[in-house]
Amino acid sequence: MTDQPSPATASRQRPVYTARIERIFDHAADTRSLFLRIVEGGSIRFVPGQFISISIPLSGETRIRPYTLASSPEDGEPLEICFNQVPGGQGVRWLFGRKVGDTLSFTGPFGTFTMEHRPTVETVFIAEGTSIAPIRAMLRRVLADSAHPALSLLYAADAPEHLLYRDEIERWARRDSRLSFDPIVVAPADLHARMLEEVERRWVKADANRRRQFYVCGIGKGVVAIRNLLRGSGYERRAVHYEQW
C-alpha cells in the first residue's frame, strides 16, 4: 500500500489500540486470518477498504505493517485481517507465530481505497489472492441494499486454495442474480496478463458502455495496467478506483 503513514505520524493522528486474538482461521497452508477484539483504546469506526497499521516487534526495532480489514463495518468486532506468507517477510512471519489469546497493537484506520456509499451504477470488482480483503468488505456493504445495481467480481489466484472466501461469495451469487462471480486460476507467470485480457474482453471490447465503475486491487504492476487500460478506453478517471499492494 502506498499511503502507509510513518509510525510517528500514525501515533499523532490516531490512538493506539490493543487487540486480543480471538480466533485464527487458516484458508490454506500459507494464508491465514486473525480475528481481533479490541481490549484497550475504545472502539474504531471504519469504511470498507481501509486498513490498520500493526506494530510488529522485531529484534532491535518495531516495524509498522498495513493490513486491510476483511471484515464488514456493519458486523463490528471481531475485526478480521487476512495475510499470506511472503518469502523473507519478517513481519508476516511474526504474525504467523501469534496464538489465540496473544495481543497486538495497531493504529488506524487509514486508506483512501474505500467505498463510503453504495454505488448507483453497474460496478465491477477485480482482485487477486489476498487482495480480495477490501473487495469482500465492499461487496458485503453493496449486497445489503436490495436495490443495488448489477455487480461483477473477477477474482484470480495462482491456485484454487488461494481463492479466499470462495464458498461465501458463491453463496451470495446464488442468492442474488445481479452478482456475477468469475473465479479464475492462472499460473503465477501468466496471472496479470490473463487478468488484463479478461478485463479488455469483458468491459472494453464487449460493448460501448462506459458508465461502469471499477474497484481494482492487486499486487504489483498488473493493477496499474488494468487502470490504464480502462481509463484509456473511455471510462472516467474517477470511475476507476484502484490500490496496488
# chains A, B, ... in the order shown; residues from 1 in each chain; ligands from 1

$ residues_around --residues "A:Leu79" --least-positions-apart "5" --cutoff "7 Å" --atoms "only C-alpha atoms" --output "PyMOL selection string"
chain A and resi 35-37+69+71

$ select_by_dssp --residues "stretch 63-118 of chain A" --states "alpha helix (DSSP H)" --output "list of chain:residue names"
A:Gln90, A:Gly91, A:Val92, A:Arg93, A:Trp94, A:Leu95, A:Phe96

$ residues_around --residues "stretch 176-181 of chain A" --least-positions-apart "3" --cutoff "10 Å" --atoms "only C-alpha atoms" --output "JSON, numbers by chain"
{"A": [122, 123, 124, 125, 139, 143, 146, 147, 148, 149, 150, 151, 152, 153, 154, 155, 166, 169, 170, 171, 172, 173, 184]}

$ residues_around --residues "A:Ile21" --least-positions-apart "5" --cutoff "9 Å" --atoms "only C-alpha atoms" --output "NGL selection string"
:A and (34-38 or 78 or 98-104)

$ residues_around --residues "A:Thr62" --least-positions-apart "2" --cutoff "12 Å" --atoms "only C-alpha atoms" --output "PyMOL selection string"
chain A and resi 6-8+53-60+64-65+90-91+94+105-106

$ write_last_selection --atoms "N, CA and C atoms" --output "short mmCIF file (atom, residue, chain, number, x, y, z; two decimals), in the first residue's frame"
data_model
loop_
_atom_site.label_atom_id
_atom_site.label_comp_id
_atom_site.auth_asym_id
_atom_site.auth_seq_id
_atom_site.Cartn_x
_atom_site.Cartn_y
_atom_site.Cartn_z
N SER A 6 4.06 7.03 8.41
CA SER A 6 5.18 6.64 9.26
C SER A 6 4.68 6.37 10.66
N PRO A 7 5.42 5.59 11.47
CA PRO A 7 4.98 5.31 12.84
C PRO A 7 4.71 6.57 13.64
N ALA A 8 5.59 7.58 13.52
CA ALA A 8 5.41 8.81 14.29
C ALA A 8 4.14 9.54 13.87
N SER A 53 -2.69 -0.30 10.89
CA SER A 53 -1.23 -0.41 10.90
C SER A 53 -0.79 -1.11 12.18
N ILE A 54 -0.27 -2.31 12.03
CA ILE A 54 0.08 -3.14 13.18
C ILE A 54 1.55 -2.95 13.54
N SER A 55 1.81 -2.79 14.84
CA SER A 55 3.19 -2.69 15.34
C SER A 55 3.74 -4.10 15.51
N ILE A 56 4.85 -4.36 14.84
CA ILE A 56 5.46 -5.69 14.86
C ILE A 56 6.85 -5.59 15.48
N PRO A 57 7.01 -6.11 16.70
CA PRO A 57 8.32 -6.04 17.36
C PRO A 57 9.28 -7.09 16.79
N LEU A 58 10.40 -6.61 16.30
CA LEU A 58 11.45 -7.50 15.79
C LEU A 58 12.72 -7.21 16.58
N SER A 59 13.75 -7.96 16.34
CA SER A 59 14.98 -7.78 17.10
C SER A 59 15.53 -6.37 16.91
N GLY A 60 15.52 -5.59 17.99
CA GLY A 60 16.12 -4.27 17.95
C GLY A 60 15.26 -3.17 17.38
N ILE A 64 6.15 -1.17 11.36
CA ILE A 64 4.73 -0.93 11.18
C ILE A 64 4.33 -1.52 9.83
N ARG A 65 3.30 -2.37 9.84
CA ARG A 65 2.85 -3.00 8.60
C ARG A 65 1.34 -2.83 8.45
N GLN A 90 9.61 -10.66 7.40
CA GLN A 90 9.74 -10.83 8.83
C GLN A 90 8.45 -10.49 9.57
N GLY A 91 7.76 -9.47 9.09
CA GLY A 91 6.53 -9.06 9.73
C GLY A 91 5.47 -10.14 9.68
N TRP A 94 6.19 -13.00 11.93
CA TRP A 94 5.80 -12.71 13.32
C TRP A 94 4.31 -12.95 13.51
N SER A 105 -0.72 -4.47 18.95
CA SER A 105 -1.09 -3.06 18.94
C SER A 105 -1.22 -2.56 17.51
N PHE A 106 -2.14 -1.63 17.32
CA PHE A 106 -2.31 -1.07 15.99
C PHE A 106 -2.86 0.35 16.08
#

$ residues_around --residues "A:Gln50" --least-positions-apart "6" --cutoff "6 Å" --atoms "only C-alpha atoms" --output "PyMOL selection string"
chain A and resi 68+109-111

$ closest_residue --among "A:Glu161, A:Asp167, A:Glu128, A:Glu61" --to "A:His27" --atoms "only C-alpha atoms"
A:Glu161

$ atom_distance --atom1 "atom CA of A:Arg118" --atom2 "atom CA of A:Pro73"
13.5 Å

$ residues_around --residues "stretch 193-198 of chain A" --least-positions-apart "5" --cutoff "10 Å" --atoms "only C-alpha atoms" --output "list in words"
Ile126, Ala127, Glu128, Leu154, Tyr155, Ala156, Ile184, Val185, Val186, Ala187, Pro188, Trp203, Val204, Gly222, Val223, Ala225, Ile226, Arg227, Leu229 and Leu230 of chain A

$ closest_residue --among "A:Thr107, A:Phe83, A:Ala208, A:Gly88" --to "A:Ile132" --atoms "only C-alpha atoms"
A:Phe83

$ select_by_dssp --residues "stretch 6-244 of chain A" --states "strand (DSSP E or B)" --output "ChimeraX atom specification"
/A:17-28,31-40,51-58,61-69,79-84,103-110,123-128,151-157,179-185,213-218,240-244

$ atom_distance --atom1 "atom CA of A:Arg140" --atom2 "atom CA of A:Phe113"
15.7 Å
